[in-house]
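Written below as structure tokens is the structure these notes are about.
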Amino acid sequence: MSDNGTRILVVEDEPTIARAVADRLAAEGFGVEVAGDGPSAVERARAFEPHLLVLDVMLPGFDGLEVCRRVQAERPVPVLMLTARDDETDLIVGLGVGADDYVTKPFSMRELVARIRAVLRRVERPRADAAAGGPVRLGDLEVDRRARKVLRDGREVHLTPTEFDLLTCLMRNQGTVLTRAVLLEQVWDWADASGTRVVDSHVKALRRKLGQGLIRTVHGVGYSLEAAP
Ligand code: CA
């Protein structure tokens, strides 16, 4: 069950949690390093070039949100955030930080590993998607799945892997309202609908980056992508 060469950086300032997570991930076959504060996390991310970040929110130095911003600014890397409480998750979701998933403490190692594998699967999927053909257009929006590039009105929009997957999922189902549960299953590979806030968070981030007028909220149902009138 070795994940040859897959590197994970664990950023957590509570030594017992950091140790437990690192040990479990190493046992699962991942290459693991640990950082205990904001500045060293950014430094380790640069040197270690992880495939995924497990990132605590409250950290000495500067917090996980700032780590996320600084690391993403240099190199896009999937981020799984560890949050202390549900209301902290709500807060972060509201900010639309570019995290790919959230796990609330206390979590089981089994759950954490499952969520990590789901994120990694999503990042791998583009290679399969690449055969899907050339750019697709919707009004002034252009999406090139092969290059994973998005243009709106001729201007490039930088999306995280999850935001990109969400956009292409909405695009494939253009004009159809997709429920949060369906989006969770299709984009996040989750079979249960316990993480609908993650969907809202990413829709919010997508809207902020793409501009208004593309993603419609259907109250109490879900979201759909529609061309600007
Ligand atoms: Ca902490």
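Residues in the structure tokens are numbered from 1 in each chain, the chains being A, B, ... in the order shown, and ligands are numbered from 1 in the order shown.
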Please identify which residues in segment 60-215 of chain A DSSP calls strand (DSSP E or B) from the backbone, and express them as a list in words.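 Listing strand (DSSP E or B) positions across segment 60-215 of chain A yields Val79, Leu80, Met81, Leu82, Thr83, Asp101, Tyr102, Val103, Thr104, Val136, Arg137, Leu138, Leu141, Glu142, Val143, Asp144, Lys149, Val150, Leu151, Arg152, Arg155, Glu156, Val157, Leu178, Thr179 and Ile215 of chain A.
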Kindly compile the residues surrounding ligand 1 within 7 Å, counting only C-alpha atoms and all ligand atoms, and format them as a ChimeraX atom specification. /A:12-14,56-59
Choose the residue, out of A:Val21, A:Val11, A:Val32, A:Arg46, that has the smallest atom-to-atom separation from Gly64 of chain A; count only C-alpha atoms.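 Checking each of A:Val21, A:Val11, A:Val32, A:Arg46 against Gly64 of chain A, counting only C-alpha atoms, the winner is A:Val11.
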Leaving out His219 of chain A and any residue of its chain fewer than 4 positions from it, which residues lie within 12 Å of it when counting only C-alpha atoms, given as number ranges by chain? A: 177-180, 223-224
I'd like to know which of A:Glu49, A:Trp190, A:Phe30, A:Arg208 is closest to Glu111 of chain A, using only C-alpha atoms. A:Trp190
Among segment 96-202 of chain A, which residues carry a DSSP assignment of helix (DSSP H, G or I), reported as JSON, numbers by chain? {"A": [109, 110, 111, 112, 113, 114, 115, 116, 117, 118, 119, 120, 121, 122, 123, 124, 126, 127, 128, 129, 130, 131, 132, 161, 162, 163, 164, 165, 166, 167, 168, 169, 170, 171, 172, 180, 181, 182, 183, 184, 185, 186, 187, 188, 196, 197, 198, 199, 200, 201, 202]}
Which residues, written as a PyMOL selection string, have at least one atom at most 8 Å from segment 157-161 of chain A, with only C-alpha atoms counted and residues fewer than 5 positions away on the same chain left out? chain A and resi 76-78+98+100+122-123+149-152+206+209-210
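A straight line drawn from atom CA of Ala205 of chain A to atom CA of Ala45 of chain A is 23.2 Å long.
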